[in-house]
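Q: Contents are PDB, C-alpha atoms and all ligand atoms; file name coords-v9.pdb:
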```pdb
ATOM      1  CA  MET A   1     123.998  92.804  64.074
ATOM      2  CA  SER A   2     122.111  96.101  63.938
ATOM      3  CA  ALA A   3     122.195  98.543  66.847
ATOM      4  CA  GLN A   4     118.434  98.903  66.344
ATOM      5  CA  ALA A   5     117.641  95.268  66.911
ATOM      6  CA  VAL A   6     116.084  93.488  69.830
ATOM      7  CA  THR A   7     114.927  90.018  70.789
ATOM      8  CA  ILE A   8     111.737  89.637  72.813
ATOM      9  CA  ILE A   9     110.969  86.321  74.460
ATOM     10  CA  GLY A  10     107.515  85.876  75.972
ATOM     11  CA  LEU A  11     104.506  87.084  74.045
ATOM     12  CA  GLY A  12     101.860  87.511  76.696
ATOM     13  CA  PRO A  13      99.939  90.812  76.670
ATOM     14  CA  MET A  14     103.091  92.670  77.789
ATOM     15  CA  GLY A  15     105.622  91.075  75.440
ATOM     16  CA  ARG A  16     103.326  91.378  72.416
ATOM     17  CA  THR A  17     102.764  95.069  73.094
ATOM     18  CA  MET A  18     106.494  95.666  73.603
ATOM     19  CA  ALA A  19     107.226  93.987  70.297
ATOM     20  CA  ASN A  20     104.653  96.206  68.581
ATOM     21  CA  VAL A  21     106.173  99.313  70.161
ATOM     22  CA  TYR A  22     109.658  98.353  68.877
ATOM     23  CA  LEU A  23     108.242  97.644  65.427
ATOM     24  CA  ASP A  24     106.554 101.071  65.473
ATOM     25  CA  ARG A  25     109.970 102.602  66.183
ATOM     26  CA  GLY A  26     111.610 100.793  63.265
ATOM     27  CA  TYR A  27     113.556  98.211  65.234
ATOM     28  CA  GLN A  28     114.371  94.782  63.827
ATOM     29  CA  VAL A  29     112.455  92.555  66.214
ATOM     30  CA  THR A  30     113.097  88.863  66.742
ATOM     31  CA  VAL A  31     110.546  87.048  68.886
ATOM     32  CA  TRP A  32     110.063  83.645  70.425
ATOM     33  CA  ASN A  33     107.226  82.248  72.488
ATOM     34  CA  ARG A  34     106.416  78.789  73.846
ATOM     35  CA  THR A  35     103.087  78.999  72.043
ATOM     36  CA  ALA A  36     104.311  80.061  68.612
ATOM     37  CA  SER A  37     100.910  81.198  67.315
ATOM     38  CA  ARG A  38     101.003  84.245  69.585
ATOM     39  CA  ALA A  39     103.628  85.653  67.228
ATOM     40  CA  ASP A  40     101.377  85.566  64.140
ATOM     41  CA  GLU A  41     100.311  89.226  64.128
ATOM     42  CA  LEU A  42     103.840  90.392  64.913
ATOM     43  CA  VAL A  43     105.278  88.339  62.061
ATOM     44  CA  ALA A  44     102.671  89.896  59.765
ATOM     45  CA  ARG A  45     104.054  93.280  60.834
ATOM     46  CA  GLY A  46     107.663  92.299  60.073
ATOM     47  CA  ALA A  47     108.940  90.600  63.218
ATOM     48  CA  VAL A  48     111.061  87.475  62.798
ATOM     49  CA  LEU A  49     109.881  84.380  64.659
ATOM     50  CA  ALA A  50     112.977  82.487  65.771
ATOM     51  CA  ALA A  51     112.917  78.721  65.341
ATOM     52  CA  SER A  52     113.941  78.132  68.940
ATOM     53  CA  ALA A  53     114.648  79.979  72.173
ATOM     54  CA  GLU A  54     118.346  79.466  71.473
ATOM     55  CA  ALA A  55     118.056  81.018  68.001
ATOM     56  CA  ALA A  56     116.160  83.975  69.498
ATOM     57  CA  VAL A  57     118.915  84.596  72.054
ATOM     58  CA  ALA A  58     121.583  84.183  69.380
ATOM     59  CA  ALA A  59     119.918  86.762  67.105
ATOM     60  CA  ASN A  60     120.654  89.910  69.134
ATOM     61  CA  GLU A  61     122.835  91.228  71.930
ATOM     62  CA  LEU A  62     119.799  92.754  73.646
ATOM     63  CA  VAL A  63     117.364  90.076  74.807
ATOM     64  CA  ILE A  64     114.196  91.125  76.618
ATOM     65  CA  LEU A  65     112.296  88.552  78.656
ATOM     66  CA  SER A  66     108.614  89.099  79.438
ATOM     67  CA  LEU A  67     107.589  85.859  81.114
ATOM     68  CA  THR A  68     105.172  85.032  83.906
ATOM     69  CA  ASP A  69     107.880  84.496  86.545
ATOM     70  CA  TYR A  70     111.425  83.211  86.985
ATOM     71  CA  ASP A  71     110.356  79.553  86.769
ATOM     72  CA  ALA A  72     109.348  80.391  83.213
ATOM     73  CA  VAL A  73     112.618  82.306  82.741
ATOM     74  CA  TYR A  74     114.698  79.241  83.605
ATOM     75  CA  ALA A  75     112.406  76.980  81.558
ATOM     76  CA  VAL A  76     113.230  79.129  78.519
ATOM     77  CA  LEU A  77     116.889  80.016  79.176
ATOM     78  CA  GLU A  78     117.866  76.412  79.879
ATOM     79  CA  GLN A  79     116.952  75.741  76.244
ATOM     80  CA  ALA A  80     119.217  78.595  75.150
ATOM     81  CA  GLU A  81     122.315  78.153  77.306
ATOM     82  CA  ALA A  82     124.654  77.709  74.352
ATOM     83  CA  ALA A  83     123.806  81.180  73.026
ATOM     84  CA  LEU A  84     123.910  83.171  76.265
ATOM     85  CA  ALA A  85     127.556  84.272  76.359
ATOM     86  CA  GLY A  86     127.880  87.967  75.493
ATOM     87  CA  ARG A  87     124.163  88.671  75.747
ATOM     88  CA  VAL A  88     122.442  91.355  77.809
ATOM     89  CA  VAL A  89     119.326  89.775  79.236
ATOM     90  CA  VAL A  90     116.784  92.361  80.345
ATOM     91  CA  ASN A  91     114.404  90.454  82.526
ATOM     92  CA  LEU A  92     111.026  92.186  82.761
ATOM     93  CA  SER A  93     109.406  89.114  84.303
ATOM     94  CA  SER A  94     108.290  89.765  87.846
ATOM     95  CA  ASP A  95     109.498  87.778  90.842
ATOM     96  CA  THR A  96     111.256  88.363  94.161
ATOM     97  CA  PRO A  97     114.464  90.392  94.675
ATOM     98  CA  GLU A  98     116.257  87.222  95.797
ATOM     99  CA  ARG A  99     115.320  85.371  92.618
ATOM    100  CA  ALA A 100     116.553  88.341  90.574
ATOM    101  CA  ARG A 101     119.942  88.143  92.325
ATOM    102  CA  GLN A 102     120.107  84.394  91.700
ATOM    103  CA  ALA A 103     119.261  84.856  88.023
ATOM    104  CA  ALA A 104     121.984  87.498  87.660
ATOM    105  CA  GLY A 105     124.484  84.997  89.104
ATOM    106  CA  TRP A 106     123.173  82.151  86.930
ATOM    107  CA  LEU A 107     123.577  84.289  83.805
ATOM    108  CA  ALA A 108     127.024  85.573  84.843
ATOM    109  CA  GLU A 109     128.191  81.944  85.096
ATOM    110  CA  ARG A 110     127.164  81.592  81.444
ATOM    111  CA  GLY A 111     128.866  84.816  80.332
ATOM    112  CA  ALA A 112     125.726  86.953  80.091
ATOM    113  CA  GLN A 113     124.776  90.192  81.836
ATOM    114  CA  HIS A 114     121.443  90.567  83.618
ATOM    115  CA  LEU A 115     119.389  93.711  84.036
ATOM    116  CA  THR A 116     116.359  93.336  86.244
ATOM    117  CA  GLY A 117     113.288  95.318  85.263
ATOM    118  CA  GLY A 118     109.938  96.005  86.861
ATOM    119  CA  VAL A 119     107.396  97.557  84.515
ATOM    120  CA  GLN A 120     104.955  99.753  86.408
ATOM    121  CA  VAL A 121     102.194  99.975  83.822
ATOM    122  CA  PRO A 122      99.845  97.571  82.019
ATOM    123  CA  PRO A 123     100.161  96.997  78.259
ATOM    124  CA  SER A 124      98.213 100.196  77.516
ATOM    125  CA  GLY A 125     101.011 102.245  79.129
ATOM    126  CA  LEU A 126     103.836 100.773  77.015
ATOM    127  CA  GLY A 127     105.411 103.078  74.439
ATOM    128  CA  ASN A 128     104.479 106.083  76.571
ATOM    129  CA  PRO A 129     107.425 108.094  78.003
ATOM    130  CA  GLU A 130     105.271 109.093  80.967
ATOM    131  CA  SER A 131     105.235 105.441  82.046
ATOM    132  CA  GLU A 132     108.141 104.098  84.068
ATOM    133  CA  THR A 133     110.085 100.890  84.549
ATOM    134  CA  PHE A 134     112.486 100.204  87.423
ATOM    135  CA  TYR A 135     115.883  98.816  86.422
ATOM    136  CA  SER A 136     118.838  97.522  88.393
ATOM    137  CA  GLY A 137     122.090  95.762  87.618
ATOM    138  CA  PRO A 138     125.467  96.884  86.213
ATOM    139  CA  LYS A 139     125.226 100.639  85.550
ATOM    140  CA  ASP A 140     127.466 100.590  82.480
ATOM    141  CA  VAL A 141     125.332  97.861  80.907
ATOM    142  CA  PHE A 142     122.158  99.773  81.734
ATOM    143  CA  GLU A 143     123.528 103.045  80.301
ATOM    144  CA  ALA A 144     124.680 101.280  77.117
ATOM    145  CA  HIS A 145     121.118 100.113  76.499
ATOM    146  CA  ARG A 146     119.128 102.930  78.115
ATOM    147  CA  GLU A 147     118.041 104.416  74.789
ATOM    148  CA  ALA A 148     116.700 101.109  73.510
ATOM    149  CA  LEU A 149     114.980 100.351  76.832
ATOM    150  CA  GLU A 150     113.338 103.773  76.885
ATOM    151  CA  VAL A 151     111.407 102.749  73.786
ATOM    152  CA  ILE A 152     109.255 100.695  76.173
ATOM    153  CA  THR A 153     108.832 103.327  78.921
ATOM    154  CA  SER A 154     111.024 105.841  80.723
ATOM    155  CA  ALA A 155     113.653 104.135  82.854
ATOM    156  CA  ASP A 156     114.161 104.587  86.590
ATOM    157  CA  TYR A 157     117.581 103.074  87.402
ATOM    158  CA  ARG A 158     117.644 102.051  91.079
ATOM    159  CA  GLY A 159     121.201 100.751  91.489
ATOM    160  CA  GLU A 160     123.703  97.956  90.915
ATOM    161  CA  ASP A 161     122.070  95.330  93.163
ATOM    162  CA  PRO A 162     120.048  93.133  90.761
ATOM    163  CA  GLY A 163     117.367  92.774  93.435
ATOM    164  CA  LEU A 164     116.558  96.484  93.636
ATOM    165  CA  ALA A 165     114.275  96.779  90.605
ATOM    166  CA  ALA A 166     112.348  93.713  91.773
ATOM    167  CA  LEU A 167     112.152  95.148  95.284
ATOM    168  CA  PHE A 168     110.804  98.527  94.161
ATOM    169  CA  TYR A 169     108.355  96.726  91.890
ATOM    170  CA  GLN A 170     107.142  94.496  94.725
ATOM    171  CA  LEU A 171     106.765  97.510  97.040
ATOM    172  CA  GLN A 172     104.491  99.106  94.460
ATOM    173  CA  MET A 173     102.526  95.889  94.004
ATOM    174  CA  ASP A 174     102.218  95.471  97.783
ATOM    175  CA  MET A 175     100.389  98.815  97.889
ATOM    176  CA  PHE A 176      98.485  98.243  94.658
ATOM    177  CA  TRP A 177      96.919  94.870  95.446
ATOM    178  CA  THR A 178      95.973  95.661  99.036
ATOM    179  CA  SER A 179      94.488  99.015  97.961
ATOM    180  CA  MET A 180      92.531  97.437  95.133
ATOM    181  CA  LEU A 181      91.340  94.642  97.428
ATOM    182  CA  SER A 182      90.145  97.242  99.950
ATOM    183  CA  TRP A 183      88.082  98.761  97.147
ATOM    184  CA  LEU A 184      86.616  95.367  96.148
ATOM    185  CA  HIS A 185      85.798  94.688  99.789
ATOM    186  CA  ALA A 186      83.979  98.013 100.165
ATOM    187  CA  LEU A 187      82.106  97.233  96.927
ATOM    188  CA  ALA A 188      80.935  93.903  98.384
ATOM    189  CA  VAL A 189      79.576  95.647 101.490
ATOM    190  CA  ALA A 190      77.984  98.345  99.316
ATOM    191  CA  ASP A 191      76.457  95.691  97.046
ATOM    192  CA  ALA A 192      74.927  93.950 100.084
ATOM    193  CA  HIS A 193      73.021  97.216 100.599
ATOM    194  CA  GLY A 194      72.050  97.584  96.954
ATOM    195  CA  ILE A 195      74.657 100.289  96.285
ATOM    196  CA  SER A 196      76.345  99.861  92.910
ATOM    197  CA  ALA A 197      80.020 100.325  92.068
ATOM    198  CA  GLU A 198      78.935 103.262  89.899
ATOM    199  CA  GLU A 199      77.215 104.978  92.816
ATOM    200  CA  LEU A 200      80.257 104.473  95.037
ATOM    201  CA  LEU A 201      82.758 105.599  92.393
ATOM    202  CA  PRO A 202      83.000 109.311  93.330
ATOM    203  CA  TYR A 203      83.400 108.469  97.018
ATOM    204  CA  ALA A 204      85.908 105.671  96.384
ATOM    205  CA  SER A 205      87.889 107.981  94.099
ATOM    206  CA  ARG A 206      87.886 110.786  96.661
ATOM    207  CA  THR A 207      89.190 108.456  99.384
ATOM    208  CA  MET A 208      91.956 107.060  97.176
ATOM    209  CA  ALA A 209      92.879 110.574  95.983
ATOM    210  CA  SER A 210      93.241 111.716  99.597
ATOM    211  CA  LEU A 211      96.002 109.174 100.305
ATOM    212  CA  PRO A 212      98.989 111.165  98.911
ATOM    213  CA  GLY A 213      98.177 113.943 101.395
ATOM    214  CA  PHE A 214      98.432 111.449 104.259
ATOM    215  CA  LEU A 215     101.636 109.943 102.854
ATOM    216  CA  GLY A 216     103.190 113.404 102.546
ATOM    217  CA  PHE A 217     102.221 114.337 106.105
ATOM    218  CA  TYR A 218     103.418 111.156 107.794
ATOM    219  CA  THR A 219     106.557 110.390 105.730
ATOM    220  CA  PRO A 220     108.960 112.873 107.448
ATOM    221  CA  ARG A 221     107.645 111.790 110.843
ATOM    222  CA  ILE A 222     108.189 108.099 110.024
ATOM    223  CA  ASP A 223     111.705 108.762 108.726
ATOM    224  CA  ALA A 224     112.434 110.669 111.951
ATOM    225  CA  GLY A 225     111.067 107.771 114.035
ATOM    226  CA  GLU A 226     108.274 109.994 115.374
ATOM    227  CA  HIS A 227     104.856 108.482 115.965
ATOM    228  CA  ALA A 228     103.245 111.157 118.120
ATOM    229  CA  GLY A 229      99.539 110.740 118.798
ATOM    230  CA  ASP A 230      98.799 114.446 118.284
ATOM    231  CA  VAL A 231      96.756 113.952 115.088
ATOM    232  CA  ASP A 232      95.523 110.376 115.428
ATOM    233  CA  ARG A 233      95.762 107.734 118.093
ATOM    234  CA  LEU A 234      96.115 104.026 117.455
ATOM    235  CA  ALA A 235      93.371 103.338 120.047
ATOM    236  CA  MET A 236      90.989 105.407 117.894
ATOM    237  CA  GLY A 237      92.114 103.392 114.836
ATOM    238  CA  VAL A 238      91.317 100.112 116.629
ATOM    239  CA  ALA A 239      87.779 101.299 117.352
ATOM    240  CA  SER A 240      87.389 102.484 113.752
ATOM    241  CA  VAL A 241      88.551  99.199 112.204
ATOM    242  CA  ASP A 242      86.381  97.274 114.670
ATOM    243  CA  HIS A 243      83.371  99.206 113.323
ATOM    244  CA  ILE A 244      84.331  98.164 109.779
ATOM    245  CA  VAL A 245      84.541  94.497 110.804
ATOM    246  CA  HIS A 246      81.081  94.658 112.397
ATOM    247  CA  THR A 247      79.563  96.598 109.498
ATOM    248  CA  THR A 248      80.935  93.883 107.208
ATOM    249  CA  ARG A 249      79.575  90.984 109.269
ATOM    250  CA  ASP A 250      76.192  92.689 109.647
ATOM    251  CA  ALA A 251      76.050  92.886 105.849
ATOM    252  CA  GLY A 252      76.736  89.145 105.565
ATOM    253  CA  VAL A 253      80.059  89.817 103.834
ATOM    254  CA  ASP A 254      83.337  87.968 104.473
ATOM    255  CA  ALA A 255      85.281  89.973 107.073
ATOM    256  CA  THR A 256      88.678  88.284 106.576
ATOM    257  CA  PHE A 257      90.280  91.373 105.085
ATOM    258  CA  PRO A 258      89.302  94.014 107.692
ATOM    259  CA  GLY A 259      89.741  91.270 110.313
ATOM    260  CA  ALA A 260      93.419  90.987 109.338
ATOM    261  CA  VAL A 261      93.750  94.774 109.576
ATOM    262  CA  LEU A 262      92.125  94.711 113.035
ATOM    263  CA  ASP A 263      94.561  91.991 114.111
ATOM    264  CA  VAL A 264      97.531  94.218 113.236
ATOM    265  CA  PHE A 265      95.997  97.224 115.023
ATOM    266  CA  GLN A 266      95.320  95.147 118.132
ATOM    267  CA  ARG A 267      98.928  93.931 118.206
ATOM    268  CA  GLY A 268      99.895  97.610 118.248
ATOM    269  CA  LEU A 269      97.709  98.082 121.335
ATOM    270  CA  THR A 270      99.295  95.029 122.986
ATOM    271  CA  ASP A 271     102.736  96.503 122.279
ATOM    272  CA  GLY A 272     101.722  99.674 124.130
ATOM    273  CA  TYR A 273     101.239 102.102 121.219
ATOM    274  CA  GLY A 274      97.582 102.952 121.960
ATOM    275  CA  ALA A 275      98.308 106.640 122.622
ATOM    276  CA  ASP A 276     100.643 106.941 119.611
ATOM    277  CA  SER A 277      99.821 107.362 115.925
ATOM    278  CA  PHE A 278      98.732 104.358 113.876
ATOM    279  CA  THR A 279     102.074 104.816 112.055
ATOM    280  CA  SER A 280     103.665 103.002 115.017
ATOM    281  CA  LEU A 281     102.308  99.869 113.292
ATOM    282  CA  THR A 282     105.480 100.014 111.158
ATOM    283  CA  LYS A 283     107.255  98.851 114.328
ATOM    284  CA  VAL A 284     104.697  96.072 114.802
ATOM    285  CA  PHE A 285     105.313  94.819 111.250
ATOM    286  CA  ARG A 286     109.080  94.792 111.805
ATOM    287  CA  LYS A 287     108.843  93.041 115.164
ATOM    288  CA  ASN A 288     106.183  90.445 114.477
ATOM    289  CA  ALA A 289     107.430  88.894 111.238
ATOM    290  CA  ARG A 290     105.448  85.707 110.663
TER     291      ARG A 290
HETATM  292  P1  LIG B 301     101.572  86.304  80.939
HETATM  293  O1  LIG B 301     101.718  85.480  82.140
HETATM  294  O2  LIG B 301     100.230  86.497  80.339
HETATM  295  O3  LIG B 301     102.516  85.816  79.719
HETATM  296  C1  LIG B 301     103.840  85.603  79.893
HETATM  297  C2  LIG B 301     104.494  84.700  78.912
HETATM  298  O4  LIG B 301     105.129  83.711  79.726
HETATM  299  C3  LIG B 301     103.673  83.968  77.858
HETATM  300  O5  LIG B 301     104.316  84.219  76.637
HETATM  301  C4  LIG B 301     103.818  82.495  78.258
HETATM  302  O6  LIG B 301     103.924  81.621  77.150
HETATM  303  C5  LIG B 301     105.150  82.518  78.973
HETATM  304  N1  LIG B 301     105.367  81.385  79.872
HETATM  305  C6  LIG B 301     104.773  81.148  81.057
HETATM  306  N2  LIG B 301     105.256  80.006  81.592
HETATM  307  C7  LIG B 301     106.166  79.523  80.711
HETATM  308  C8  LIG B 301     106.996  78.386  80.703
HETATM  309  N3  LIG B 301     107.002  77.508  81.717
HETATM  310  N4  LIG B 301     107.809  78.192  79.634
HETATM  311  C9  LIG B 301     107.825  79.078  78.621
HETATM  312  N5  LIG B 301     107.063  80.187  78.580
HETATM  313  C10 LIG B 301     106.240  80.389  79.609
HETATM  314  O7  LIG B 301     102.214  87.693  81.380
HETATM  315  P2  LIG B 301     102.065  89.199  80.891
HETATM  316  O8  LIG B 301     102.425  89.352  79.469
HETATM  317  O9  LIG B 301     100.781  89.779  81.382
HETATM  318  O10 LIG B 301     103.210  89.821  81.815
HETATM  319  C11 LIG B 301     104.569  89.469  81.675
HETATM  320  C12 LIG B 301     105.310  89.883  82.919
HETATM  321  O11 LIG B 301     105.127  91.286  83.129
HETATM  322  C13 LIG B 301     104.811  89.179  84.190
HETATM  323  O12 LIG B 301     105.899  88.875  85.000
HETATM  324  C14 LIG B 301     103.925  90.214  84.846
HETATM  325  O13 LIG B 301     103.888  90.066  86.256
HETATM  326  C15 LIG B 301     104.604  91.509  84.432
HETATM  327  N6  LIG B 301     103.700  92.647  84.364
HETATM  328  C16 LIG B 301     102.462  92.509  83.795
HETATM  329  C17 LIG B 301     101.602  93.574  83.719
HETATM  330  C18 LIG B 301     100.248  93.415  83.083
HETATM  331  O14 LIG B 301      99.428  94.352  83.222
HETATM  332  N7  LIG B 301      99.953  92.332  82.371
HETATM  333  C19 LIG B 301     101.982  94.905  84.240
HETATM  334  C20 LIG B 301     103.329  94.962  84.729
HETATM  335  C21 LIG B 301     104.140  93.871  84.811
HETATM  336  P3  LIG B 301     102.632  80.973  76.462
HETATM  337  O15 LIG B 301     102.086  82.040  75.550
HETATM  338  O16 LIG B 301     103.149  79.796  75.760
HETATM  339  O17 LIG B 301     101.675  80.631  77.582
END
```
Could you render the structure as structure tokens?
A:
Amino acid sequence: MSAQAVTIIGLGPMGRTMANVYLDRGYQVTVWNRTASRADELVARGAVLAASAEAAVAANELVILSLTDYDAVYAVLEQAEAALAGRVVVNLSSDTPERARQAAGWLAERGAQHLTGGVQVPPSGLGNPESETFYSGPKDVFEAHREALEVITSADYRGEDPGLAALFYQLQMDMFWTSMLSWLHALAVADAHGISAEELLPYASRTMASLPGFLGFYTPRIDAGEHAGDVDRLAMGVASVDHIVHTTRDAGVDATFPGAVLDVFQRGLTDGYGADSFTSLTKVFRKNAR
């Protein structure tokens, strides 16, 4: 078994690009995918297509999974149980922290180690050391394979708890999807007024680029439990979001998204935070889990 050898299971856009990046770096790459034809170009470049998931796992100590979710992970690994003992399974498939912990336990029962990973870039960012992937799981196992894993992206090791990489990944995705949806929503309202995405682009970019300044300002206050209304007041925020809801409805656009935001703001008012900063909504989120 070569030290410069890796198995990649799952050849969606991410897995295929990872395999290409390893091939570029001279690794021996064994691949397997449910739909075998997705391996064709990789095989033409020198990758070995394993005859089965079990043969792919058996081929190398380091086994990288890039599957849609953990249902797919189990669907594949249950075919490969006999080969799992002694393997390091680096699971770059996204799912919840709890499912990552369960998978680590499931693999431990079969004699394998599990590293959870959360890749923070699309395929175009793979192979770039400026890109990052969260990892968690046994530190010694991570350190033993850090060099090989950093072929994909730089590694940000978050800790021993297998759920941590999934958690940090989901926190990023929480912000990403809601931010991107806010942009799509604004585009729909703009479109209703004949304003194109192109015309809005500089303004949308400026708003998004302003966010780190707000995060930097409010973060120490939030960590200190301070939500003073000296810079903004939640009551002002309620009025502001209410204007967005009405602007949306007047444009004939679905107001579900700003309506949900307004609902959260109004719960903050009900809880008595009207004179405090909108950051007091963190307390509303914690209290009103539903
Ligand atoms: P895809 O969902 O496009 O492909 C994943 C792979 O999962 C395919 O090879 C597919 O096989 C396989 N698969 C799905 N279900 C099963 C199953 N039941 N049994 C066997 N194999 C199955 O994902 P991506 O390549 O886009 O992403 C992989 C992971 O990386 C995902 O968890 C994603 O959330 C995450 N990610 C993706 C990013 C992106 O930009 N694409 C960015 C960061 C993370 P088949 O070819 O046979 O369908």
Q: Grab me every residue within 7 Å of ligand LIG 301 (chain B), counting only C-alpha atoms and all ligand atoms, and send it over as a list in words.
A: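 Every residue with an atom at most 7 Å from ligand LIG 301 (chain B) is listed here: Gly10, Leu11, Gly12, Pro13, Met14, Gly15, Asn33, Arg34, Thr35, Arg38, Ser66, Leu67, Thr68, Asp69, Asp71, Ala72, Ala75, Val76, Leu92, Ser93, Ser94, Asp95, Gly118, Val119, Gln120, Val121, Pro122 and Pro123 of chain A.
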Q: Identify, on the basis of all atoms listed in the file, every residue whose closest approach to Thr256 (chain A) does not exceed 12 Å; exclude the query and any residue fewer than 5 positions from it along the same chain; express the result as a ChimeraX atom specification.
A: /A:181-182,185,244-246,248-249,261-263
Q: Which residues of region 45-106 of chain A come within 9 Å of region 148-164 of chain A, and for each one, what is the closest pair of atoms and their distance in Å to one decimal, counting all atoms listed in the file, sorted by chain and residue number, as JSON lines?
A:
```
{"residue": "A:Leu62", "atom": "CA", "partner": "A:Ala148", "partner_atom": "CA", "distance": 8.9}
{"residue": "A:Val90", "atom": "CA", "partner": "A:Leu149", "partner_atom": "CA", "distance": 8.9}
{"residue": "A:Thr96", "atom": "CA", "partner": "A:Gly163", "partner_atom": "CA", "distance": 7.6}
{"residue": "A:Pro97", "atom": "CA", "partner": "A:Gly163", "partner_atom": "CA", "distance": 4.0}
{"residue": "A:Glu98", "atom": "CA", "partner": "A:Gly163", "partner_atom": "CA", "distance": 6.1}
{"residue": "A:Arg99", "atom": "CA", "partner": "A:Gly163", "partner_atom": "CA", "distance": 7.7}
{"residue": "A:Ala100", "atom": "CA", "partner": "A:Gly163", "partner_atom": "CA", "distance": 5.3}
{"residue": "A:Arg101", "atom": "CA", "partner": "A:Pro162", "partner_atom": "CA", "distance": 5.2}
{"residue": "A:Gln102", "atom": "CA", "partner": "A:Pro162", "partner_atom": "CA", "distance": 8.8}
{"residue": "A:Ala103", "atom": "CA", "partner": "A:Pro162", "partner_atom": "CA", "distance": 8.8}
{"residue": "A:Ala104", "atom": "CA", "partner": "A:Pro162", "partner_atom": "CA", "distance": 6.7}
```
Q: Could you write out as a ChimeraX atom specification the residues that the PyMOL selection byres (((chain A and resi 204-220) around 12) and not hetatm) matches in the shown file?
A: /A:175-176,179-180,182-187,190,196-203,221-232,277-280,282
Q: With a distance cut-off of 12 Å and only C-alpha atoms, select the neighbouring residues of Arg16 (chain A), excluding the residue or stretch itself and same-chain residues fewer than 4 positions from it, and output the selection as a ChimeraX atom specification.
A: /A:7-12,20-23,29-33,36-43,45,47,64-67,122-124,126,152
Q: Please write as a ChimeraX atom specification the full residue list that the PyMOL selection byres (((chain A and resi 268-272) around 8) and not hetatm) yields on this file.
A: /A:234-235,264-267,273-275,280-281,284
Q: Region 107-117 of chain A: which residues within 6 Å, counting all atoms listed in the file, same-chain residues fewer than 3 positions away excluded, as a list of chain:residue names?
A: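 My list of contacting residues is A:Leu84, A:Ala85, A:Gly86, A:Arg87, A:Val88, A:Val89, A:Val90, A:Asn91, A:Leu92, A:Ala104, A:Phe134, A:Tyr135, A:Ser136, A:Gly137, A:Pro162, A:Ala165.
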Q: CA of Val141 (chain A) and CA of Gln4 (chain A), how far apart in Å?
A: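 These two atoms are separated by 16.1 Å.
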